[in-house]
>>> print(open('my_file.cif').read())   # mmCIF, C-alpha atoms and all ligand atoms
data_final
loop_
_atom_site.label_atom_id
_atom_site.label_comp_id
_atom_site.auth_asym_id
_atom_site.auth_seq_id
_atom_site.Cartn_x
_atom_site.Cartn_y
_atom_site.Cartn_z
CA MET T 242 1.06 94.68 21.76
CA SER T 243 4.40 95.54 20.10
CA LEU T 244 7.66 95.76 22.03
CA GLN T 245 9.70 96.95 19.07
CA SER T 246 10.43 100.57 19.96
CA ILE T 247 12.31 101.26 16.72
CA LYS T 248 11.48 100.15 13.14
CA TYR T 249 14.09 100.97 10.51
CA VAL T 250 14.85 100.23 6.89
CA PRO T 251 17.19 102.46 4.86
CA GLY T 252 15.37 105.74 4.30
CA LYS T 253 12.51 104.99 6.72
CA LEU T 254 12.45 105.28 10.54
CA ASP T 255 9.39 104.77 12.71
CA ILE T 256 9.22 104.81 16.50
CA LEU T 257 6.60 103.51 18.89
CA ASP T 258 5.11 106.65 20.49
CA GLN T 259 5.73 105.81 24.15
CA LEU T 260 3.65 108.75 25.36
CA LEU T 261 0.56 106.80 24.21
CA LEU T 262 1.44 103.43 25.81
CA PRO T 263 -0.09 101.30 27.22
CA VAL T 264 -3.47 102.48 25.96
CA GLN T 265 -2.47 102.98 22.32
CA SER T 266 0.28 101.27 20.32
CA LYS T 267 1.06 103.69 17.48
CA TYR T 268 4.16 104.21 15.36
CA VAL T 269 5.14 107.69 14.26
CA ALA T 270 7.52 108.53 11.39
CA VAL T 271 10.86 110.20 12.07
CA LYS T 272 11.77 111.81 8.74
CA GLY T 273 14.94 113.59 9.78
CA VAL T 274 16.99 115.17 12.53
CA GLU T 275 14.40 117.74 13.58
CA ASP T 276 11.81 115.00 14.01
CA GLY T 277 14.41 112.95 15.91
CA TRP T 278 15.29 115.81 18.24
CA LYS T 279 11.62 116.50 19.01
CA ALA T 280 10.78 112.82 19.58
CA ILE T 281 13.66 112.51 22.05
CA ASN T 282 12.99 115.80 23.82
CA LYS T 283 9.24 115.08 24.16
CA MET T 284 10.06 111.50 25.30
CA GLN T 285 8.08 109.81 22.55
CA VAL T 286 11.18 107.66 22.56
CA ARG T 287 13.27 107.45 25.73
CA GLY T 288 15.86 105.28 27.37
CA ALA T 289 19.56 106.01 27.01
CA PRO T 290 20.37 103.41 24.30
CA ALA T 291 17.17 104.05 22.32
CA ILE T 292 17.83 107.80 22.37
CA ALA T 293 21.24 107.30 20.77
CA ILE T 294 19.94 104.86 18.16
CA VAL T 295 16.94 106.98 17.13
CA GLY T 296 19.04 110.14 17.09
CA CYS T 297 21.68 108.63 14.80
CA LEU T 298 19.15 106.91 12.54
CA SER T 299 17.22 110.17 12.18
CA LEU T 300 20.38 111.59 10.60
CA ALA T 301 20.77 108.49 8.44
CA VAL T 302 17.28 108.86 6.94
CA GLU T 303 17.94 112.55 6.35
CA LEU T 304 21.29 111.97 4.60
CA LEU T 305 20.26 109.05 2.38
CA PRO T 306 18.57 111.07 -0.44
CA GLU T 307 21.01 113.99 -0.22
CA ASP T 308 23.96 114.56 -2.56
CA PHE T 309 27.11 116.25 -1.32
CA ASP T 310 29.64 117.98 -3.55
CA SER T 311 32.54 117.24 -1.21
CA LYS T 312 33.53 115.09 1.73
CA LYS T 313 34.16 118.27 3.69
CA SER T 314 30.55 119.43 3.30
CA LEU T 315 29.27 115.97 4.26
CA ARG T 316 31.54 115.93 7.32
CA GLN T 317 30.32 119.37 8.38
CA GLU T 318 26.68 118.26 8.02
CA ILE T 319 27.33 115.14 10.08
CA GLU T 320 29.11 116.98 12.87
CA GLY T 321 26.57 119.80 13.09
CA LYS T 322 23.52 117.52 13.11
CA LEU T 323 24.94 115.03 15.61
CA ASN T 324 25.92 117.78 18.06
CA TYR T 325 22.41 119.20 17.71
CA LEU T 326 20.91 115.81 18.56
CA VAL T 327 23.05 115.61 21.72
CA SER T 328 21.24 118.75 22.97
CA ALA T 329 17.82 117.03 23.01
CA ARG T 330 18.36 115.61 26.55
CA PRO T 331 21.49 116.24 28.64
CA THR T 332 21.81 113.43 31.17
CA ALA T 333 22.13 110.17 29.22
CA VAL T 334 25.60 109.91 27.70
CA ASN T 335 24.86 107.37 24.96
CA MET T 336 23.91 109.97 22.31
CA LYS T 337 27.09 111.96 23.09
CA ILE T 338 29.30 108.88 22.85
CA ALA T 339 27.65 107.81 19.58
CA ALA T 340 28.01 111.32 18.16
CA ASP T 341 31.69 111.50 19.09
CA GLU T 342 32.40 108.10 17.53
CA LEU T 343 30.52 108.88 14.31
CA ILE T 344 32.17 112.31 14.00
CA ALA T 345 35.56 110.62 14.44
CA LEU T 346 34.59 108.19 11.65
CA ALA T 347 33.58 111.09 9.39
CA ASN T 348 36.89 112.83 10.08
CA GLU T 349 38.81 109.62 9.29
CA LEU T 350 36.93 109.08 6.02
CA THR T 351 37.42 112.73 5.05
CA LYS T 352 41.18 112.28 5.34
CA ASP T 353 41.24 108.94 3.49
CA GLU T 354 41.99 109.86 -0.14
CA ALA T 355 40.94 106.36 -1.27
CA VAL T 356 37.33 107.10 -0.19
CA ASN T 357 35.04 109.27 -2.36
CA VAL T 358 32.07 111.24 -1.02
CA LEU T 359 29.51 108.61 -2.04
CA GLU T 360 31.43 105.82 -0.32
CA MET T 361 31.90 108.04 2.72
CA LYS T 362 28.13 108.50 3.01
CA GLN T 363 27.49 104.77 2.58
CA ARG T 364 30.05 103.84 5.27
CA PHE T 365 28.57 106.43 7.63
CA LEU T 366 25.06 105.06 7.07
CA HIS T 367 26.23 101.49 7.67
CA ALA T 368 27.88 102.56 10.95
CA THR T 369 24.64 104.09 12.22
CA GLU T 370 22.61 101.05 11.14
CA ALA T 371 25.00 98.69 12.92
CA MET T 372 23.95 100.26 16.25
CA LEU T 373 20.66 98.36 16.19
CA GLN T 374 22.06 94.83 16.14
CA LYS T 375 24.99 95.72 18.40
CA ASP T 376 22.60 97.03 21.06
CA ILE T 377 20.58 93.81 21.02
CA ALA T 378 23.74 91.70 21.26
CA ASP T 379 25.04 93.86 24.11
CA ASN T 380 21.75 93.50 25.97
CA LYS T 381 21.77 89.70 25.65
CA ALA T 382 25.32 89.69 27.10
CA ILE T 383 24.25 92.05 29.89
CA GLY T 384 21.35 89.73 30.65
CA LYS T 385 23.64 86.70 30.93
CA ASN T 386 26.33 88.48 32.96
CA GLY T 387 23.76 90.08 35.26
CA ALA T 388 21.80 86.91 35.94
CA GLU T 389 25.01 85.07 36.85
CA ALA T 390 26.16 87.89 39.14
CA ILE T 391 22.82 88.10 40.96
CA LEU T 392 22.50 84.32 41.34
CA ASN T 393 26.02 84.21 42.76
CA THR T 394 24.81 86.39 45.64
CA CYS T 395 21.93 84.03 46.44
CA ALA T 396 21.40 80.43 47.57
CA LYS T 397 21.94 78.32 44.43
CA ASP T 398 18.81 76.20 44.43
CA THR T 399 16.21 78.90 44.82
CA ALA T 400 14.28 81.08 42.43
CA ILE T 401 14.49 84.71 43.47
CA ARG T 402 12.49 87.88 43.78
CA VAL T 403 13.96 91.04 42.26
CA LEU T 404 12.98 94.69 42.11
CA THR T 405 13.53 97.03 39.18
CA HIS T 406 12.84 100.73 38.62
CA CYS T 407 11.76 102.72 35.58
CA ASN T 408 11.88 101.04 32.16
CA THR T 409 15.03 99.44 30.87
CA GLY T 410 13.55 96.89 28.49
CA SER T 411 12.83 96.63 24.78
CA LEU T 412 11.12 100.04 24.99
CA ALA T 413 14.34 101.69 26.17
CA THR T 414 16.69 99.94 23.76
CA ALA T 415 16.75 98.22 20.36
CA GLY T 416 15.43 95.10 22.09
CA TYR T 417 15.59 92.76 25.13
CA GLY T 418 16.79 95.50 27.50
CA THR T 419 19.48 96.13 30.05
CA ALA T 420 18.21 95.68 33.63
CA LEU T 421 15.02 94.16 32.26
CA GLY T 422 17.24 91.97 30.09
CA VAL T 423 18.73 90.61 33.32
CA VAL T 424 15.20 89.92 34.57
CA ARG T 425 14.33 88.19 31.28
CA LYS T 426 17.46 86.02 31.56
CA LEU T 427 16.62 85.03 35.14
CA HIS T 428 13.19 83.97 33.84
CA GLU T 429 14.75 82.01 30.96
CA LEU T 430 16.94 80.22 33.54
CA LYS T 431 13.80 79.43 35.58
CA LYS T 432 15.33 81.36 38.47
CA LEU T 433 12.83 84.21 38.62
CA GLU T 434 10.19 83.68 41.29
CA HIS T 435 8.85 87.22 40.94
CA VAL T 436 9.79 90.64 39.65
CA TYR T 437 8.46 93.82 41.23
CA CYS T 438 8.44 97.03 39.18
CA THR T 439 7.94 100.51 40.55
CA GLU T 440 5.46 102.86 38.90
CA THR T 441 8.19 105.49 38.48
CA ARG T 442 6.43 108.79 38.83
CA PRO T 443 5.92 111.22 37.15
CA TYR T 444 6.34 109.80 33.59
CA ASN T 445 5.29 106.36 34.91
CA GLN T 446 7.81 104.33 32.91
CA GLY T 447 7.19 101.42 35.27
CA ALA T 448 3.40 101.42 35.33
CA ARG T 449 3.04 102.22 31.62
CA LEU T 450 6.07 100.58 29.99
CA THR T 451 7.74 97.96 32.21
CA ALA T 452 4.41 96.49 33.27
CA TYR T 453 3.45 96.45 29.56
CA GLU T 454 6.60 94.45 28.73
CA LEU T 455 6.22 92.07 31.68
CA VAL T 456 2.59 91.31 30.83
CA HIS T 457 3.55 90.87 27.16
CA ASP T 458 6.25 88.36 28.11
CA LYS T 459 4.04 86.69 30.75
CA LEU T 460 6.62 87.12 33.51
CA PRO T 461 5.47 86.77 37.16
CA ALA T 462 5.30 90.45 38.05
CA THR T 463 3.75 92.93 40.44
CA LEU T 464 3.53 96.71 40.13
CA VAL T 465 4.31 98.69 43.29
CA LEU T 466 4.21 102.38 44.09
CA ASP T 467 7.52 104.22 44.40
CA SER T 468 6.63 104.79 48.07
CA MET T 469 6.34 101.04 48.76
CA VAL T 470 9.99 100.04 48.25
CA ALA T 471 10.95 99.96 51.94
CA ALA T 472 7.83 98.05 52.94
CA LEU T 473 8.37 95.66 50.01
CA MET T 474 11.92 94.84 51.10
CA ARG T 475 10.78 94.25 54.65
CA ALA T 476 7.89 91.99 53.61
CA LYS T 477 8.85 90.18 50.42
CA ASN T 478 12.42 88.87 50.77
CA ILE T 479 13.78 90.74 47.75
CA ALA T 480 17.06 89.05 46.71
CA ALA T 481 18.40 91.89 44.56
CA VAL T 482 17.66 95.21 42.91
CA VAL T 483 18.68 95.74 39.28
CA VAL T 484 18.28 99.11 37.57
CA GLY T 485 19.54 100.82 34.42
CA ALA T 486 21.77 103.83 33.96
CA ASP T 487 21.86 107.01 31.94
CA ARG T 488 25.43 107.92 32.75
CA VAL T 489 27.99 106.10 34.90
CA ALA T 490 30.93 108.25 36.01
CA ALA T 491 34.52 106.96 36.19
CA ASN T 492 34.22 106.28 39.94
CA GLY T 493 30.99 104.30 39.48
CA ASP T 494 28.56 107.01 40.63
CA THR T 495 25.47 106.43 38.49
CA ALA T 496 22.80 108.79 37.17
CA ASN T 497 19.52 107.03 36.65
CA LYS T 498 15.80 107.73 36.88
CA ILE T 499 14.72 109.82 39.84
CA GLY T 500 14.02 107.55 42.79
CA THR T 501 16.95 105.22 42.09
CA TYR T 502 19.09 106.79 44.83
CA GLN T 503 16.51 106.27 47.55
CA ILE T 504 15.98 102.66 46.43
CA ALA T 505 19.74 102.15 46.82
CA VAL T 506 19.65 103.63 50.33
CA VAL T 507 16.76 101.37 51.33
CA ALA T 508 18.51 98.35 49.77
CA LYS T 509 21.62 99.12 51.86
CA HIS T 510 19.50 99.29 55.01
CA HIS T 511 17.97 95.89 54.22
CA GLY T 512 21.21 94.25 53.05
CA VAL T 513 19.86 93.76 49.51
CA PRO T 514 22.47 93.74 46.70
CA PHE T 515 21.96 96.70 44.33
CA PHE T 516 23.10 96.29 40.72
CA VAL T 517 23.32 98.71 37.81
CA ALA T 518 23.00 97.21 34.31
CA ALA T 519 24.29 99.25 31.40
CA PRO T 520 26.25 98.89 28.15
CA LEU T 521 29.72 100.42 27.94
CA THR T 522 28.09 103.18 25.87
CA SER T 523 26.49 104.44 29.10
CA ILE T 524 29.82 104.77 30.91
CA ASP T 525 31.46 108.19 30.79
CA LEU T 526 35.10 107.85 31.84
CA GLN T 527 35.61 111.53 30.97
CA ILE T 528 33.94 112.62 34.20
CA PRO T 529 35.47 111.69 37.56
CA SER T 530 32.30 111.46 39.65
CA GLY T 531 28.54 111.90 39.68
CA ASP T 532 28.94 115.52 40.84
CA HIS T 533 29.75 116.37 37.21
CA ILE T 534 26.59 114.84 35.69
CA ILE T 535 24.01 117.35 34.43
CA ILE T 536 20.59 116.40 35.78
CA GLU T 537 17.74 117.22 33.39
CA GLU T 538 14.80 119.07 34.92
CA ARG T 539 11.52 118.57 33.14
CA PRO T 540 8.26 120.59 32.93
CA ASP T 541 6.05 120.96 36.02
CA ARG T 542 3.10 119.65 34.01
CA GLU T 543 4.58 116.15 34.09
CA MET T 544 3.97 116.27 37.87
CA THR T 545 0.78 118.31 38.07
CA HIS T 546 -1.17 116.37 35.43
CA VAL T 547 -1.78 112.78 34.42
CA GLY T 548 -2.61 113.17 30.77
CA GLU T 549 -5.10 116.03 30.62
CA HIS T 550 -6.26 115.49 34.22
CA ARG T 551 -4.85 117.91 36.83
CA ILE T 552 -3.86 116.21 40.07
CA ALA T 553 -1.89 118.97 41.83
CA ALA T 554 -3.20 122.25 43.17
CA PRO T 555 -2.86 125.14 40.71
CA GLY T 556 -0.09 127.50 41.73
CA ILE T 557 2.03 125.00 43.71
CA ASN T 558 5.74 125.10 42.94
CA CYS T 559 7.27 121.90 41.54
CA TRP T 560 10.76 120.42 41.40
CA ASN T 561 11.01 117.80 38.65
CA PRO T 562 14.54 116.42 38.19
CA ALA T 563 14.27 113.46 35.82
CA PHE T 564 17.29 111.71 37.35
CA ASP T 565 19.32 111.38 40.52
CA VAL T 566 22.83 110.11 41.25
CA THR T 567 23.46 106.94 43.23
CA PRO T 568 26.89 107.00 44.92
CA ALA T 569 29.23 104.15 43.99
CA ALA T 570 29.36 103.07 47.65
CA LEU T 571 25.73 101.91 47.39
CA ILE T 572 26.29 99.87 44.20
CA SER T 573 27.21 96.17 44.48
CA GLY T 574 28.20 95.80 40.83
CA ILE T 575 27.97 97.40 37.42
CA ILE T 576 26.78 94.84 34.89
CA THR T 577 27.97 95.36 31.32
CA GLU T 578 28.21 93.30 28.13
CA ARG T 579 31.93 92.82 28.90
CA GLY T 580 31.49 91.66 32.48
CA VAL T 581 30.45 92.83 35.95
CA PHE T 582 32.65 95.43 37.60
CA SER T 583 32.92 96.77 41.11
CA PRO T 584 32.53 100.55 41.03
CA GLN T 585 35.94 100.97 42.66
CA LYS T 586 37.67 99.06 39.83
CA LEU T 587 35.48 100.32 36.98
CA LYS T 588 37.78 102.92 35.45
CA ALA T 589 40.89 100.75 35.51
CA GLU T 590 39.13 97.65 34.15
CA ILE T 591 37.09 99.42 31.46
CA SER T 592 40.15 101.38 30.32
CA ALA T 593 42.09 98.13 30.01
CA LEU T 594 39.27 96.59 27.97
CA VAL T 595 39.05 99.56 25.61
CA GLU T 596 42.82 99.52 25.03
CA GLN T 597 42.75 95.81 24.03
C1 LIG U 601 18.22 101.35 29.39
S1 LIG U 601 17.39 102.86 29.64
C2 LIG U 601 18.36 103.68 30.79
C3 LIG U 601 17.57 104.71 31.61
O1 LIG U 601 16.80 105.66 30.82
C4 LIG U 601 15.57 105.95 31.53
O2 LIG U 601 15.31 107.33 31.61
P1 LIG U 601 14.21 108.02 30.63
O3 LIG U 601 12.99 107.14 30.63
O4 LIG U 601 13.95 109.41 31.24
O5 LIG U 601 14.88 108.12 29.28
C5 LIG U 601 15.80 105.40 32.91
O6 LIG U 601 16.60 106.27 33.69
C6 LIG U 601 16.54 104.13 32.55
O7 LIG U 601 17.11 103.49 33.65
#
>>> encode(input="my_file.cif", output="structure tokens")
Amino acid sequence: MSLQSIKYVPGKLDILDQLLLPVQSKYVAVKGVEDGWKAINKMQVRGAPAIAIVGCLSLAVELLPEDFDSKKSLRQEIEGKLNYLVSARPTAVNMKIAADELIALANELTKDEAVNVLEMKQRFLHATEAMLQKDIADNKAIGKNGAEAILNTCAKDTAIRVLTHCNTGSLATAGYGTALGVVRKLHELKKLEHVYCTETRPYNQGARLTAYELVHDKLPATLVLDSMVAALMRAKNIAAVVVGADRVAANGDTANKIGTYQIAVVAKHHGVPFFVAAPLTSIDLQIPSGDHIIIEERPDREMTHVGEHRIAAPGINCWNPAFDVTPAALISGIITERGVFSPQKLKAEISALVEQ
């Protein structure tokens, strides 16, 4: 059982094909940007941070053997290929933010007369490669900050039960995870009595991926159906919900896997704190609210079939949005690597951090 979703050395990128998990653990080569785009679009790799990392590294492996006759031509290649990668899936913002930052770096290096085209390529490659370790460090910080925030809402001397949705672990990131990183930290602190994970229809990130990670790490865990969340909160004394994010708007509205919104509504009804865990690279201060987030709609077949087996009547219409938006009013806190923020103060506090 491998939990390393991404394997990279300069010139070689392999990803764990998450469409085959948990039955088969198989790595597939990503030899360039077209492979990267297809792997992201088909969801062989998924999860907002992992999408950005695999997208950018797919460009790195493509550029490494290439020679460029000018910095301008290299810059044009970088900008064109990164913007193409952003088009693979529209909702998660991490790929867009990474693309914008790397394009800004390419523009800066193009203007710097002290940098030749070879050095420009090397510095670009190093910037993409740095994403791997930074993501793991961010996730460890998110885990620590999130565990502290959740424990602060509970009686100090008790281990707690938490619920999570979709997959936000090592299979959605470079390692450790965001919301699942918080769960891992609670376990490390011996404060996790039990974690419940939803199956997360129709791609089944919970049943296929989160359960895979929890069994691998030997955490006390139970899989529940998406339809069980209300009954679970009534019966099992859930202390907190912690989920990931694909895009957090400036007012704290959060786009995340479909089903997150209704979990937040049920948590409100039961008085259960509801936390979002995400790196700053998932926060889009350029959009004022969740109304501006594009929600990806995916193929009907993801709903009508499980693998090759049809489970829905032929001819039925389907609606398959991959995400929904949870209003900031339902979110207790947004857990990041730089701290935990109330949605109402997010924009002001993140802006102040970025300006530092
Ligand atoms: C840390 S992963 C964030 C986010 O991505 C997942 O969506 P998908 O599996 O479609 O890429 C899910 O919404 C996670 O919460």
>>> residues_around(input="my_file.cif", residues="T:Asp525", least_positions_apart="5", cutoff="9 Å", atoms="all atoms listed in the file", output="list in words")
Val334, Asn335, Ile338, Arg488, Val489, Ala490 and Ala491 of chain T
>>> write_last_selection(input="my_file.cif", atoms="C-alpha atoms", output="JSON list (two decimals), in the frame of the given file")
[["chain", "number", "residue", "atom", "x", "y", "z"],
["T", 334, "VAL", "CA", 25.60, 109.91, 27.70],
["T", 335, "ASN", "CA", 24.86, 107.37, 24.96],
["T", 338, "ILE", "CA", 29.30, 108.88, 22.85],
["T", 488, "ARG", "CA", 25.43, 107.92, 32.75],
["T", 489, "VAL", "CA", 27.99, 106.10, 34.90],
["T", 490, "ALA", "CA", 30.93, 108.25, 36.01],
["T", 491, "ALA", "CA", 34.52, 106.96, 36.19]]
>>> atom_distance(input="my_file.cif", atom1="atom CA of T:Gly500", atom2="atom CA of T:Leu460")
23.6 Å
>>> atom_distance(input="my_file.cif", atom1="atom CA of T:Val581", atom2="atom CA of T:His428")
19.5 Å
>>> closest_residue(input="my_file.cif", among="T:Ile591, T:Val547, T:Ala496, T:Ala345", to="T:Thr567", atoms="only C-alpha atoms")
T:Ala496
>>> atom_distance(input="my_file.cif", atom1="atom CA of T:Ser573", atom2="atom CA of T:Pro331")
26.2 Å
>>> closest_atom_pairs(input="my_file.cif", of="chain T", to="ligand LIG 601 (chain U)", cutoff="9 Å", atoms="only C-alpha atoms and all ligand atoms", output="CSV")
residue,atom,partner,partner_atom,distance
T:Ile281,CA,U:LIG601,O5,8.5
T:Met284,CA,U:LIG601,O5,7.1
T:Val286,CA,U:LIG601,O5,7.7
T:Arg287,CA,U:LIG601,O5,4.0
T:Gly288,CA,U:LIG601,O5,3.6
T:Ala289,CA,U:LIG601,C2,4.6
T:Pro290,CA,U:LIG601,C1,5.9
T:Ala291,CA,U:LIG601,S1,7.4
T:Ile292,CA,U:LIG601,O5,7.5
T:Arg330,CA,U:LIG601,O5,8.7
T:Thr332,CA,U:LIG601,O4,8.8
T:Ala333,CA,U:LIG601,O1,7.2
T:His406,CA,U:LIG601,O7,7.1
T:Cys407,CA,U:LIG601,C5,5.5
T:Asn408,CA,U:LIG601,C6,5.6
T:Thr409,CA,U:LIG601,C1,4.0
T:Gly410,CA,U:LIG601,C1,6.5
T:Ser411,CA,U:LIG601,C1,8.5
T:Leu412,CA,U:LIG601,S1,8.3
T:Ala413,CA,U:LIG601,S1,4.8
T:Thr414,CA,U:LIG601,C1,6.0
T:Gly418,CA,U:LIG601,C1,6.3
T:Thr419,CA,U:LIG601,C1,5.4
T:Ala420,CA,U:LIG601,C1,7.1
T:Leu421,CA,U:LIG601,C1,8.4
T:Tyr444,CA,U:LIG601,O3,7.7
T:Asn445,CA,U:LIG601,O3,8.8
T:Gln446,CA,U:LIG601,O3,6.3
T:Val484,CA,U:LIG601,O7,6.0
T:Gly485,CA,U:LIG601,O7,3.7
T:Ala486,CA,U:LIG601,C2,4.7
T:Asp487,CA,U:LIG601,C3,4.9
T:Arg488,CA,U:LIG601,C2,8.5
T:Ala496,CA,U:LIG601,O6,7.5
T:Asn497,CA,U:LIG601,O6,4.2
T:Lys498,CA,U:LIG601,O6,3.6
T:Ile499,CA,U:LIG601,O6,7.3
T:Thr501,CA,U:LIG601,O6,8.5
T:Val517,CA,U:LIG601,O7,8.9
T:Ala518,CA,U:LIG601,C1,8.0
T:Ala519,CA,U:LIG601,C1,6.7
T:Pro520,CA,U:LIG601,C1,8.5
T:Ser523,CA,U:LIG601,C2,8.3
T:Glu537,CA,U:LIG601,O4,8.9
T:Ala563,CA,U:LIG601,O4,6.1
T:Phe564,CA,U:LIG601,O6,6.6
T:Asp565,CA,U:LIG601,O6,9.0
>>> closest_residue(input="my_file.cif", among="T:Val356, T:Val470, T:Leu343, T:Cys438", to="T:Leu455", atoms="all atoms listed in the file")
T:Cys438
>>> closest_residue(input="my_file.cif", among="T:Val482, T:Cys559, T:Tyr453, T:Val436", to="T:Asp541", atoms="all atoms listed in the file")
T:Cys559
>>> closest_residue(input="my_file.cif", among="T:Ala339, T:Leu521, T:Val506, T:Ala554", to="T:Pro568", atoms="only C-alpha atoms")
T:Val506
>>> residues_around(input="my_file.cif", residues="T:Pro540", least_positions_apart="4", cutoff="9 Å", atoms="only C-alpha atoms", output="count of residues only")
4
>>> closest_residue(input="my_file.cif", among="T:Ala452, T:Asn282, T:Asp379, T:Val483", to="T:Ile391", atoms="all atoms listed in the file")
T:Val483
>>> closest_residue(input="my_file.cif", among="T:Gly512, T:Lys588, T:Phe365, T:Thr441", to="T:Arg475", atoms="only C-alpha atoms")
T:Gly512
>>> build_atoms(input="my_file.cif", residues="stretch 490-507 of chain T", atoms="N, CA and C atoms", output="PDB file, in the coordinates of the input")
ATOM      1  N   ALA T 490      29.674 107.504  35.963  1.00  0.00           N
ATOM      2  CA  ALA T 490      30.930 108.250  36.010  1.00  0.00           C
ATOM      3  C   ALA T 490      32.103 107.298  36.258  1.00  0.00           C
ATOM      4  N   ALA T 491      33.307 107.797  36.098  1.00  0.00           N
ATOM      5  CA  ALA T 491      34.520 106.960  36.190  1.00  0.00           C
ATOM      6  C   ALA T 491      34.641 106.287  37.557  1.00  0.00           C
ATOM      7  N   ASN T 492      34.117 106.895  38.601  1.00  0.00           N
ATOM      8  CA  ASN T 492      34.220 106.280  39.940  1.00  0.00           C
ATOM      9  C   ASN T 492      33.040 105.375  40.256  1.00  0.00           C
ATOM     10  N   GLY T 493      32.126 105.201  39.282  1.00  0.00           N
ATOM     11  CA  GLY T 493      30.990 104.300  39.480  1.00  0.00           C
ATOM     12  C   GLY T 493      29.718 104.986  39.938  1.00  0.00           C
ATOM     13  N   ASP T 494      29.803 106.284  40.342  1.00  0.00           N
ATOM     14  CA  ASP T 494      28.560 107.010  40.630  1.00  0.00           C
ATOM     15  C   ASP T 494      27.661 106.923  39.399  1.00  0.00           C
ATOM     16  N   THR T 495      26.360 106.712  39.626  1.00  0.00           N
ATOM     17  CA  THR T 495      25.470 106.430  38.490  1.00  0.00           C
ATOM     18  C   THR T 495      24.239 107.325  38.494  1.00  0.00           C
ATOM     19  N   ALA T 496      24.036 108.016  37.373  1.00  0.00           N
ATOM     20  CA  ALA T 496      22.800 108.790  37.170  1.00  0.00           C
ATOM     21  C   ALA T 496      21.769 107.874  36.549  1.00  0.00           C
ATOM     22  N   ASN T 497      20.621 107.829  37.155  1.00  0.00           N
ATOM     23  CA  ASN T 497      19.520 107.030  36.650  1.00  0.00           C
ATOM     24  C   ASN T 497      18.218 107.707  37.057  1.00  0.00           C
ATOM     25  N   LYS T 498      17.107 107.128  36.617  1.00  0.00           N
ATOM     26  CA  LYS T 498      15.800 107.730  36.880  1.00  0.00           C
ATOM     27  C   LYS T 498      15.622 108.153  38.324  1.00  0.00           C
ATOM     28  N   ILE T 499      14.991 109.297  38.496  1.00  0.00           N
ATOM     29  CA  ILE T 499      14.720 109.820  39.840  1.00  0.00           C
ATOM     30  C   ILE T 499      14.046 108.741  40.673  1.00  0.00           C
ATOM     31  N   GLY T 500      14.531 108.605  41.912  1.00  0.00           N
ATOM     32  CA  GLY T 500      14.020 107.550  42.790  1.00  0.00           C
ATOM     33  C   GLY T 500      14.988 106.407  42.948  1.00  0.00           C
ATOM     34  N   THR T 501      15.969 106.307  42.014  1.00  0.00           N
ATOM     35  CA  THR T 501      16.950 105.220  42.090  1.00  0.00           C
ATOM     36  C   THR T 501      17.796 105.332  43.353  1.00  0.00           C
ATOM     37  N   TYR T 502      18.229 106.558  43.666  1.00  0.00           N
ATOM     38  CA  TYR T 502      19.090 106.790  44.830  1.00  0.00           C
ATOM     39  C   TYR T 502      18.420 106.314  46.108  1.00  0.00           C
ATOM     40  N   GLN T 503      17.153 106.661  46.278  1.00  0.00           N
ATOM     41  CA  GLN T 503      16.510 106.270  47.550  1.00  0.00           C
ATOM     42  C   GLN T 503      16.267 104.763  47.603  1.00  0.00           C
ATOM     43  N   ILE T 504      16.089 104.133  46.435  1.00  0.00           N
ATOM     44  CA  ILE T 504      15.980 102.660  46.430  1.00  0.00           C
ATOM     45  C   ILE T 504      17.309 102.057  46.880  1.00  0.00           C
ATOM     46  N   ALA T 505      18.422 102.652  46.428  1.00  0.00           N
ATOM     47  CA  ALA T 505      19.740 102.150  46.820  1.00  0.00           C
ATOM     48  C   ALA T 505      19.972 102.299  48.320  1.00  0.00           C
ATOM     49  N   VAL T 506      19.501 103.420  48.875  1.00  0.00           N
ATOM     50  CA  VAL T 506      19.650 103.630  50.330  1.00  0.00           C
ATOM     51  C   VAL T 506      18.836 102.592  51.103  1.00  0.00           C
ATOM     52  N   VAL T 507      17.626 102.359  50.670  1.00  0.00           N
ATOM     53  CA  VAL T 507      16.760 101.370  51.330  1.00  0.00           C
ATOM     54  C   VAL T 507      17.336  99.963  51.167  1.00  0.00           C
TER      55      VAL T 507
END
